[in-house]
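Asks: Enclosed is the structure file model.cif (mmCIF, C-alpha atoms).
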data_final
loop_
_atom_site.label_atom_id
_atom_site.label_comp_id
_atom_site.auth_asym_id
_atom_site.auth_seq_id
_atom_site.Cartn_x
_atom_site.Cartn_y
_atom_site.Cartn_z
CA MET A 1 0.00 0.00 0.00
CA ALA A 2 1.08 3.53 -0.35
CA ARG A 3 3.30 4.88 2.30
CA ARG A 4 3.41 8.37 3.50
CA ALA A 5 6.75 9.81 4.31
CA LEU A 6 7.11 12.52 6.82
CA TRP A 7 9.29 15.37 5.66
CA ARG A 8 10.56 18.23 7.70
CA SER A 9 10.56 21.11 5.33
CA GLY A 10 12.80 24.13 5.33
CA ALA A 11 14.43 25.50 8.47
CA ALA A 12 14.36 23.98 11.91
CA LYS A 13 12.02 26.65 13.12
CA ASP A 14 9.37 25.19 10.85
CA ALA A 15 7.94 22.90 13.47
CA VAL A 16 5.00 21.62 11.45
CA PRO A 17 6.02 18.58 9.44
CA ARG A 18 4.53 18.26 6.04
CA ILE A 19 3.28 15.02 4.66
CA ALA A 20 4.34 14.10 1.19
CA HIS A 21 3.96 11.04 -0.95
CA LEU A 22 7.26 9.38 -1.53
CA ASP A 23 7.44 7.72 -4.88
CA ARG A 24 9.45 4.60 -4.24
CA ASP A 25 9.57 3.90 -7.94
CA ARG A 26 11.51 7.06 -8.75
CA PRO A 27 14.93 5.40 -9.26
CA LEU A 28 13.44 2.71 -11.46
CA VAL A 29 11.44 5.23 -13.47
CA GLU A 30 14.49 7.42 -14.03
CA ALA A 31 16.54 4.40 -15.09
CA ALA A 32 13.82 3.32 -17.50
CA LYS A 33 13.64 6.79 -18.98
CA ARG A 34 17.37 6.67 -19.69
CA GLU A 35 17.35 3.10 -20.91
CA PRO A 36 13.94 1.66 -21.94
CA ALA A 37 15.13 -1.91 -21.35
CA ARG A 38 15.24 -1.11 -17.63
CA PHE A 39 11.45 -0.85 -17.66
CA GLU A 40 11.37 -4.56 -16.97
CA ALA A 41 11.91 -3.97 -13.25
CA LEU A 42 8.77 -1.84 -13.08
CA TYR A 43 6.90 -4.40 -15.13
CA ARG A 44 7.80 -7.24 -12.77
CA ARG A 45 6.89 -5.15 -9.76
CA TYR A 46 3.43 -4.21 -10.94
CA LEU A 47 2.37 -7.08 -13.18
CA ALA A 48 0.29 -8.93 -10.59
CA ARG A 49 -1.35 -5.75 -9.33
CA VAL A 50 -2.38 -4.52 -12.74
CA TYR A 51 -3.49 -7.96 -13.77
CA SER A 52 -5.54 -8.37 -10.58
CA TYR A 53 -7.20 -5.01 -11.10
CA ALA A 54 -8.07 -6.00 -14.65
CA TYR A 55 -9.29 -9.42 -13.63
CA TYR A 56 -11.54 -8.15 -10.86
CA GLU A 57 -12.97 -5.60 -13.24
CA LEU A 58 -13.38 -7.76 -16.32
CA GLY A 59 -13.94 -11.19 -14.80
CA ASP A 60 -12.18 -12.92 -17.67
CA HIS A 61 -8.60 -14.11 -17.89
CA HIS A 62 -8.11 -13.38 -21.56
CA ALA A 63 -9.63 -9.93 -21.34
CA ALA A 64 -7.52 -9.22 -18.26
CA GLU A 65 -4.39 -10.32 -20.10
CA ASP A 66 -5.22 -8.10 -23.05
CA ALA A 67 -5.80 -5.11 -20.79
CA THR A 68 -2.62 -5.82 -18.86
CA GLU A 69 -0.55 -6.08 -22.00
CA ALA A 70 -1.99 -2.87 -23.43
CA THR A 71 -1.34 -1.11 -20.12
CA PHE A 72 2.34 -1.96 -19.93
CA VAL A 73 3.04 -1.34 -23.61
CA SER A 74 1.35 2.04 -23.34
CA ALA A 75 3.23 2.87 -20.16
CA LEU A 76 6.57 1.99 -21.75
CA THR A 77 5.99 3.94 -24.94
CA ASN A 78 4.73 7.00 -23.04
CA LEU A 79 7.14 6.88 -20.14
CA GLN A 80 9.03 9.96 -21.30
CA ARG A 81 5.83 11.95 -20.87
CA PHE A 82 5.30 10.87 -17.29
CA GLU A 83 5.97 13.66 -14.82
CA GLU A 84 6.10 12.91 -11.15
CA ARG A 85 4.23 15.41 -9.08
CA ALA A 86 4.81 13.99 -5.65
CA ARG A 87 6.63 16.77 -3.87
CA PRO A 88 4.96 18.60 -0.99
CA ALA A 89 4.74 21.70 -3.14
CA ASP A 90 2.62 19.80 -5.63
CA GLY A 91 -0.21 19.65 -3.14
CA ASP A 92 -3.25 17.52 -3.77
CA GLY A 93 -3.41 15.33 -6.80
CA ALA A 94 0.15 14.16 -6.53
CA SER A 95 0.96 11.69 -9.22
CA THR A 96 3.34 8.88 -8.59
CA PHE A 97 4.30 6.29 -11.17
CA ARG A 98 1.80 3.77 -9.92
CA VAL A 99 -1.04 6.26 -9.94
CA TRP A 100 -0.14 7.02 -13.53
CA LEU A 101 0.11 3.30 -14.33
CA PHE A 102 -3.28 2.53 -12.82
CA GLN A 103 -4.81 5.45 -14.69
CA ILE A 104 -3.61 3.82 -17.89
CA ALA A 105 -4.91 0.46 -16.69
CA ARG A 106 -8.29 1.98 -15.90
CA ASN A 107 -8.55 3.39 -19.43
CA GLU A 108 -7.48 0.11 -20.98
CA ILE A 109 -9.98 -1.80 -18.86
CA ALA A 110 -12.74 0.57 -19.93
CA GLY A 111 -11.76 -0.02 -23.55
CA GLU A 112 -11.69 -3.76 -23.02
CA ARG A 113 -15.11 -3.60 -21.42
CA ARG A 114 -16.48 -1.72 -24.41
CA ARG A 115 -15.13 -4.40 -26.68
CA ALA A 116 -16.51 -7.10 -24.41
CA ARG A 117 -20.02 -5.71 -24.75
CA ARG A 118 -19.98 -7.02 -28.27
CA ARG A 119 -19.11 -10.46 -26.95
CA PRO A 120 -20.74 -10.61 -23.50
CA VAL A 121 -19.05 -12.56 -20.71
CA GLU A 122 -20.30 -13.63 -17.33
CA PRO A 123 -20.24 -11.02 -14.58
CA ILE A 124 -17.46 -11.42 -12.06
CA GLY A 125 -19.72 -12.98 -9.45
CA GLU A 126 -20.50 -15.89 -11.72
CA THR A 127 -17.01 -16.65 -12.91
CA VAL A 128 -15.84 -18.65 -9.92
CA VAL A 129 -15.06 -22.01 -11.45
CA VAL A 130 -13.60 -24.63 -9.22
CA ASP A 131 -10.78 -26.28 -11.07
CA PRO A 132 -8.39 -28.45 -9.10
CA VAL A 133 -5.41 -27.22 -11.07
CA ASP A 134 -6.44 -23.60 -11.14
CA VAL A 135 -4.47 -21.58 -8.60
CA GLU A 136 -7.09 -18.86 -8.48
CA ALA A 137 -9.82 -21.36 -7.79
CA VAL A 138 -7.82 -22.59 -4.85
CA ALA A 139 -7.87 -19.09 -3.46
CA VAL A 140 -11.61 -18.64 -3.88
CA ARG A 141 -12.69 -22.16 -3.05
CA ARG A 142 -13.57 -21.29 0.46
CA ASP A 143 -17.16 -20.23 0.64
CA GLU A 144 -16.44 -17.08 2.51
CA ALA A 145 -13.96 -15.88 -0.03
CA ARG A 146 -16.34 -16.73 -2.80
CA ALA A 147 -19.14 -14.84 -1.14
CA ALA A 148 -16.92 -11.82 -0.58
CA TRP A 149 -15.84 -11.85 -4.17
CA GLN A 150 -19.40 -12.11 -5.40
CA ALA A 151 -20.53 -9.30 -3.14
CA LEU A 152 -17.72 -7.20 -4.49
CA GLY A 153 -18.85 -7.96 -8.00
CA ARG A 154 -22.33 -6.69 -7.19
CA LEU A 155 -21.10 -3.25 -6.21
CA PRO A 156 -21.63 -0.42 -8.68
CA GLY A 157 -18.67 0.59 -10.86
CA GLU A 158 -16.68 3.20 -8.97
CA ARG A 159 -17.29 1.68 -5.56
CA ARG A 160 -16.04 -1.65 -6.82
CA GLN A 161 -12.98 -0.10 -8.42
CA ALA A 162 -12.17 1.81 -5.25
CA MET A 163 -12.49 -1.36 -3.18
CA VAL A 164 -10.27 -3.41 -5.49
CA LEU A 165 -7.64 -0.70 -5.55
CA ARG A 166 -7.77 -0.40 -1.76
CA PHE A 167 -7.91 -4.03 -0.69
CA VAL A 168 -6.25 -5.92 -3.53
CA ASP A 169 -3.79 -3.42 -4.95
CA GLU A 170 -3.27 -1.73 -1.58
CA LEU A 171 -3.31 1.80 -2.87
CA SER A 172 -3.87 4.67 -0.46
CA THR A 173 -6.97 6.83 -0.59
CA ALA A 174 -4.93 9.63 -2.14
CA GLU A 175 -3.65 7.32 -4.85
CA ILE A 176 -7.11 5.97 -5.59
CA ALA A 177 -8.33 9.55 -5.87
CA GLY A 178 -5.63 10.13 -8.46
CA VAL A 179 -6.60 7.02 -10.41
CA LEU A 180 -10.33 7.70 -10.36
CA GLY A 181 -10.05 11.44 -10.80
CA ARG A 182 -11.96 12.16 -7.59
CA SER A 183 -11.16 13.99 -4.40
CA GLU A 184 -9.77 12.08 -1.45
CA GLY A 185 -12.91 12.83 0.53
CA ALA A 186 -15.10 11.44 -2.21
CA VAL A 187 -13.03 8.25 -2.34
CA ARG A 188 -13.26 7.83 1.42
CA VAL A 189 -17.02 8.10 1.24
CA LEU A 190 -17.15 5.68 -1.71
CA ILE A 191 -15.23 3.07 0.24
CA HIS A 192 -17.15 3.61 3.43
CA ARG A 193 -20.46 3.19 1.65
CA ALA A 194 -19.17 0.15 -0.20
CA LEU A 195 -18.16 -1.45 3.09
CA LYS A 196 -21.56 -0.83 4.63
CA SER A 197 -23.26 -2.18 1.54
CA MET A 198 -21.09 -5.31 1.57
CA ALA A 199 -21.67 -5.76 5.30
CA ARG A 200 -25.41 -5.87 4.67
CA ASP A 201 -24.92 -8.15 1.69
CA LEU A 202 -22.71 -10.57 3.59
CA GLY A 203 -24.86 -10.53 6.70
CA GLU A 204 -22.24 -9.09 9.03
CA PRO A 205 -23.31 -7.81 12.45
CA LYS A 206 -25.24 -4.65 12.08
CA ARG A 207 -23.63 -2.39 14.61
CA GLY A 208 -20.75 -2.19 17.00
CA GLY A 209 -20.72 -0.85 20.47
CA GLY A 210 -20.60 2.79 19.67
CA ARG A 211 -22.27 5.82 18.30
CA GLY A 212 -22.54 7.23 14.86
CA SER A 213 -22.67 4.11 12.80
CA ALA A 214 -26.02 4.68 11.23
CA SER A 215 -26.14 3.71 7.59
CA MET B 1 -28.75 16.26 2.73
CA SER B 2 -28.08 18.64 5.58
CA LEU B 3 -24.65 20.02 6.29
CA VAL B 4 -24.49 18.36 9.70
CA ARG B 5 -25.43 14.99 8.28
CA ARG B 6 -22.99 15.33 5.42
CA ASP B 7 -20.21 16.19 7.84
CA GLY B 8 -21.14 13.21 9.97
CA GLY B 9 -20.85 10.92 6.97
CA GLU B 10 -17.49 12.32 6.02
CA ILE B 11 -16.20 11.93 9.56
CA GLU B 12 -17.34 8.33 9.60
CA ALA B 13 -15.62 7.79 6.27
CA LEU B 14 -12.43 9.34 7.63
CA ILE B 15 -12.47 7.07 10.69
CA THR B 16 -13.00 4.08 8.43
CA ASP B 17 -10.14 5.19 6.24
CA ARG B 18 -7.75 5.40 9.18
CA TYR B 19 -8.87 2.01 10.37
CA LEU B 20 -8.17 0.56 6.91
CA ASP B 21 -4.72 2.12 6.88
CA SER B 22 -3.90 0.28 10.10
CA LEU B 23 -5.57 -2.94 9.04
CA LEU B 24 -3.81 -3.17 5.70
CA ALA B 25 -0.47 -2.23 7.23
CA ILE B 26 -0.85 -5.12 9.64
CA GLN B 27 -1.71 -7.43 6.77
CA LEU B 28 1.66 -6.59 5.28
CA ARG B 29 3.57 -6.63 8.58
CA PRO B 30 1.90 -8.72 11.26
CA SER B 31 4.69 -7.82 13.67
CA LEU B 32 3.00 -4.47 14.13
CA VAL B 33 0.60 -6.23 16.51
CA PRO B 34 2.99 -7.82 19.01
CA ASP B 35 0.47 -9.76 21.06
CA GLY B 36 -1.51 -10.88 18.02
CA GLY B 37 -4.61 -9.33 19.52
CA PRO B 38 -7.40 -7.61 17.65
CA LEU B 39 -6.69 -4.31 16.00
CA HIS B 40 -7.78 -1.42 18.13
CA ALA B 41 -10.39 0.71 16.43
CA ASP B 42 -12.30 3.81 17.27
CA ASP B 43 -15.46 2.87 19.15
CA SER B 44 -17.49 4.94 16.79
CA LEU B 45 -16.59 2.63 13.92
CA SER B 46 -19.35 0.22 13.11
CA ALA B 47 -18.63 -3.39 14.05
CA ALA B 48 -20.12 -4.43 10.73
CA VAL B 49 -17.67 -2.23 8.86
CA ARG B 50 -14.81 -3.57 10.94
CA ALA B 51 -15.80 -7.16 10.38
CA VAL B 52 -16.27 -6.85 6.66
CA SER B 53 -13.01 -4.93 6.34
CA GLN B 54 -11.11 -7.70 8.09
CA ARG B 55 -12.80 -10.27 5.96
CA LEU B 56 -11.99 -8.50 2.71
CA ALA B 57 -8.40 -7.91 3.76
CA THR B 58 -7.87 -11.64 4.09
CA ASP B 59 -10.31 -13.08 1.59
CA LEU B 60 -9.70 -11.07 -1.55
CA PRO B 61 -6.73 -12.64 -3.32
CA ARG B 62 -4.32 -10.94 -5.62
CA PHE B 63 -4.07 -12.85 -8.86
CA HIS B 64 -0.99 -13.49 -10.86
CA PRO B 65 -1.12 -14.22 -14.57
CA SER B 66 0.39 -17.36 -15.99
CA PHE B 67 4.15 -17.63 -16.26
CA ARG B 68 3.81 -18.06 -20.00
CA PHE B 69 1.90 -14.80 -20.31
CA GLU B 70 4.39 -13.00 -18.06
CA GLU B 71 7.38 -14.06 -20.13
CA ARG B 72 5.66 -13.42 -23.44
CA LEU B 73 4.78 -9.90 -22.38
CA ALA B 74 8.29 -9.35 -21.02
CA LEU B 75 9.65 -10.34 -24.41
CA ARG B 76 7.31 -7.98 -26.20
CA LEU B 77 8.26 -5.13 -23.89
CA ALA B 78 11.92 -5.84 -24.56
CA GLU B 79 11.25 -5.59 -28.28
CA VAL B 80 9.39 -2.33 -27.83
CA ALA B 81 12.23 -1.02 -25.67
CA ALA B 82 14.79 -2.00 -28.31
CA SER B 83 12.81 -0.24 -31.02
CA MET B 84 12.67 2.91 -28.89
CA ARG B 85 16.44 3.23 -28.82
CA LEU B 86 17.85 5.42 -31.57
CA PRO B 87 20.07 3.49 -33.97
CA VAL B 88 23.76 4.34 -33.60
CA ALA B 89 25.02 6.03 -36.73
CA ALA B 90 28.42 5.13 -38.17
CA GLY B 91 31.10 7.23 -36.55
CA ALA B 92 28.80 8.32 -33.72
CA GLU B 93 30.32 5.98 -31.17
CA GLY B 94 32.56 8.69 -29.72
CA ALA B 95 31.48 11.64 -27.68
CA VAL B 96 30.41 14.74 -29.51
CA VAL B 97 32.71 17.67 -28.74
CA ALA B 98 31.99 21.26 -29.65
CA ILE B 99 34.51 22.77 -32.00
CA ARG B 100 35.99 25.99 -30.67
CA GLU B 101 35.48 29.17 -32.54
CA LEU B 102 38.57 29.95 -34.60
CA ARG B 103 40.05 33.40 -34.03
CA PRO B 104 43.43 34.81 -34.96
CA LEU B 105 45.82 34.59 -32.03
CA GLY B 106 47.47 37.63 -30.51
CA PRO B 107 51.22 37.67 -29.76
CA GLU B 108 50.78 36.75 -26.10
CA GLN B 109 48.40 33.93 -26.89
CA ARG B 110 50.81 32.68 -29.50
CA ARG B 111 53.66 32.63 -26.97
CA ALA B 112 51.45 30.78 -24.52
CA GLY B 113 50.60 28.35 -27.26
CA ASP B 114 54.28 27.74 -27.94
CA GLN B 115 54.79 26.80 -24.30
CA GLY B 116 52.31 24.03 -24.81
CA ASP B 117 48.68 23.63 -24.06
CA ASP B 118 48.26 19.91 -24.05
CA ASP B 119 44.89 19.93 -22.37
CA GLU B 120 43.29 21.97 -25.06
CA ARG B 121 44.91 19.90 -27.76
CA ASP B 122 43.54 16.75 -26.16
CA ALA B 123 40.08 18.21 -26.30
CA ARG B 124 40.16 18.25 -30.05
CA PRO B 125 37.75 15.81 -31.62
CA LEU B 126 39.40 12.63 -32.72
CA LEU B 127 37.41 12.60 -35.90
CA ILE B 128 38.85 15.94 -36.95
CA GLY B 129 42.38 14.82 -36.11
CA GLY B 130 41.89 11.67 -38.12
CA ALA B 131 40.64 13.64 -41.12
CA VAL B 132 43.70 15.92 -41.05
CA ALA B 133 46.04 12.96 -40.80
CA ALA B 134 44.25 11.24 -43.69
CA SER B 135 44.53 14.40 -45.81
CA ALA B 136 48.23 14.70 -45.07
CA LEU B 137 48.81 11.10 -46.02
CA SER B 138 46.92 11.59 -49.29
CA LEU B 139 49.03 14.63 -50.22
CA ALA B 140 52.23 12.77 -49.37
CA GLY B 141 51.13 9.83 -51.47
CA ALA B 142 50.33 12.04 -54.46
CA TRP B 143 53.72 13.75 -54.19
CA LEU B 144 55.52 10.44 -53.99
CA ALA B 145 53.63 9.08 -56.98
CA TRP B 146 54.52 12.17 -58.92
CA ARG B 147 58.21 11.75 -58.02
CA ARG B 148 58.30 8.09 -58.92
CA ARG B 149 56.56 8.27 -62.26
CA THR B 150 58.75 6.62 -64.89
CA SER B 151 57.04 7.38 -68.17
CA PRO B 152 59.14 9.25 -70.80
CA MET B 153 56.88 12.25 -70.57
CA ALA B 154 57.29 12.30 -66.76
CA ARG B 155 61.05 12.09 -67.03
CA ALA B 156 61.08 15.00 -69.49
CA ILE B 157 58.88 17.10 -67.24
CA ARG B 158 61.03 16.33 -64.21
CA ALA B 159 64.22 17.18 -66.10
CA ALA B 160 62.74 20.49 -67.26
CA HIS B 161 61.65 21.22 -63.76
CA SER B 162 65.11 20.56 -62.28
CA MET B 163 66.81 22.61 -64.96
CA ARG B 164 64.51 25.50 -64.20
CA GLN B 165 65.35 25.27 -60.52
CA THR B 166 69.09 25.27 -61.13
CA GLY B 167 68.80 28.13 -63.61
CA GLY B 168 70.32 26.15 -66.49
CA GLY B 169 68.69 25.51 -69.86
CA ALA B 170 69.40 24.74 -73.43
#
Translate the structure of the given file into structure tokens.

Replies:
Amino acid sequence: MARRALWRSGAAKDAVPRIAHLDRDRPLVEAAKREPARFEALYRRYLARVYSYAYYELGDHHAAEDATEATFVSALTNLQRFEERARPADGDGASTFRVWLFQIARNEIAGERRRARRRPVEPIGETVVVDPVDVEAVAVRRDEARAAWQALGRLPGERRQAMVLRFVDELSTAEIAGVLGRSEGAVRVLIHRALKSMARDLGEPKRGGGRGSAS
Amino acid sequence: MSLVRRDGGEIEALITDRYLDSLLAIQLRPSLVPDGGPLHADDSLSAAVRAVSQRLATDLPRFHPSFRFEERLALRLAEVAASMRLPVAAGAEGAVVAIRELRPLGPEQRRAGDQGDDDERDARPLLIGGAVAASALSLAGAWLAWRRRTSPMARAIRAAHSMRQTGGGA
């Protein structure tokens, strides 16, 4: 998940630390900009995350592979145009490499979905096929996991995307806001509502021992 | 929606967000909870939200594509990366060095030049130096060929030339 690095800015008298997003990919991105072959390190680092995002969204292995391939090829060919905006002075909307990468993935997934409308596939909640040699099926074989996955698949578009990016790809709220083009507050509300909706769907206990949890 | 209610919703969402930050951090590094006990959460956070969050954090897998797909895509990316590199032109292997502006030297500069300025001479592009050397060799070769020509006409021309230099003549 995204980490927040605490920076002390300017002189020592500036007692208020500022919070900035630290792009851990910066050295790899700079190396890949100098030498495109070095992009492979970024590819290996993010392959599973991008593929998972695509698979949760599209519910089909082949479509997810196509979207993943298009995402990485597009990222490589456009890498020179990527500008990191992750310094404190950049303020809200900071863009790290992975935010940029997931923005590309989101566009490619949307394109893949448009193409898939011409050849409809099963929704994600119906694609759980138990195959003894299928690694993914092993992961979802347990009923609870299957139910959670199906409940996720029933969420409306942006809520589902926000949940996948938060729980599967482990992006921070700020990063998800960058990917979805929403404010951080809006993303927080999206996720909170999605959790309450899934809690009802999965039959979780209605309320804890406290105030202010009305739905 | 009233302002108060909207603010309440946003506060709830903020509390949930902080809880998720902690929860997902622990998923990555279980050592953050030394006694293995339950994650402490704000009392105002709904138990239902907490429970479903914990469930999703453990139950939603991250998928990995097949090894064959991974390697095939890696190969394609390597091809794309190779095509993005500019082809190296012949003679462009060396570093490009700016040629200094040529100006006539003053007397002092000329004296300094006589004392030697090896550093500046080393900075001269090798390609230029090679071209001058090649030109000098060509001129020397042409002169030698002219001297060694053995045809009767060449001998006559050479004899006339030497007579003219010595001031003699028929």

Asks: Quick one: everything within 12 Å of stretch 32-35 of chain A, counting all atoms listed in the file, minus sequence neighbours fewer than 6 positions away in the same chain. Send it as a list of chain:residue names.

Replies: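 That gives A:Asp25, A:Arg26, A:Ala41, A:Leu42, A:Tyr43, A:Ala75, A:Leu76, A:Thr77, A:Asn78, A:Leu79, A:Gln80, A:Arg81, A:Phe82, A:Glu83, A:Phe97, B:Leu77, B:Ala78, B:Val80, B:Ala81, B:Ala82, B:Ser83, B:Met84, B:Arg85, B:Leu86.
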
Asks: Taking only C-alpha atoms into account, produce a table as a tab-separated table in which each residue of stretch 41-88 of chain A with an atom at most 12 Å from an atom of stretch 101-105 of chain A appears once, together with its shortest atom pair and the distance in Å to one decimal, ordered by chain and rising number.

Replies:
residue	atom	partner	partner_atom	distance
A:Leu42	CA	A:Leu101	CA	10.1
A:Tyr43	CA	A:Leu101	CA	10.3
A:Arg45	CA	A:Leu101	CA	11.8
A:Tyr46	CA	A:Leu101	CA	8.9
A:Leu47	CA	A:Leu101	CA	10.7
A:Arg49	CA	A:Phe102	CA	9.2
A:Val50	CA	A:Ala105	CA	6.8
A:Tyr51	CA	A:Ala105	CA	9.0
A:Ser52	CA	A:Ala105	CA	10.8
A:Tyr53	CA	A:Ala105	CA	8.1
A:Ala54	CA	A:Ala105	CA	7.5
A:Tyr55	CA	A:Ala105	CA	11.2
A:Glu57	CA	A:Ala105	CA	10.7
A:Leu58	CA	A:Ala105	CA	11.8
A:Ala64	CA	A:Ala105	CA	10.1
A:Glu65	CA	A:Ala105	CA	11.3
A:Asp66	CA	A:Ala105	CA	10.7
A:Ala67	CA	A:Ala105	CA	7.0
A:Thr68	CA	A:Ala105	CA	7.0
A:Glu69	CA	A:Ala105	CA	9.5
A:Ala70	CA	A:Ala105	CA	8.1
A:Thr71	CA	A:Ala105	CA	5.2
A:Phe72	CA	A:Leu101	CA	8.0
A:Val73	CA	A:Ile104	CA	10.2
A:Ser74	CA	A:Ile104	CA	7.6
A:Ala75	CA	A:Leu101	CA	6.6
A:Leu76	CA	A:Leu101	CA	9.9
A:Thr77	CA	A:Ile104	CA	11.9
A:Asn78	CA	A:Ile104	CA	10.3
A:Leu79	CA	A:Leu101	CA	9.8
A:Phe82	CA	A:Leu101	CA	9.6
A:Glu83	CA	A:Leu101	CA	11.9
A:Glu84	CA	A:Leu101	CA	11.8

Asks: When the PyMOL selection byres ((chain B) within 9 of (chain A)) is applied to the structure above, which residues does it catch, written out as number ranges by chain?

Replies: B: 8-10, 12-14, 16-17, 20-21, 24-25, 28, 42-53, 55-65, 69-70, 73-74, 76-82, 84-85
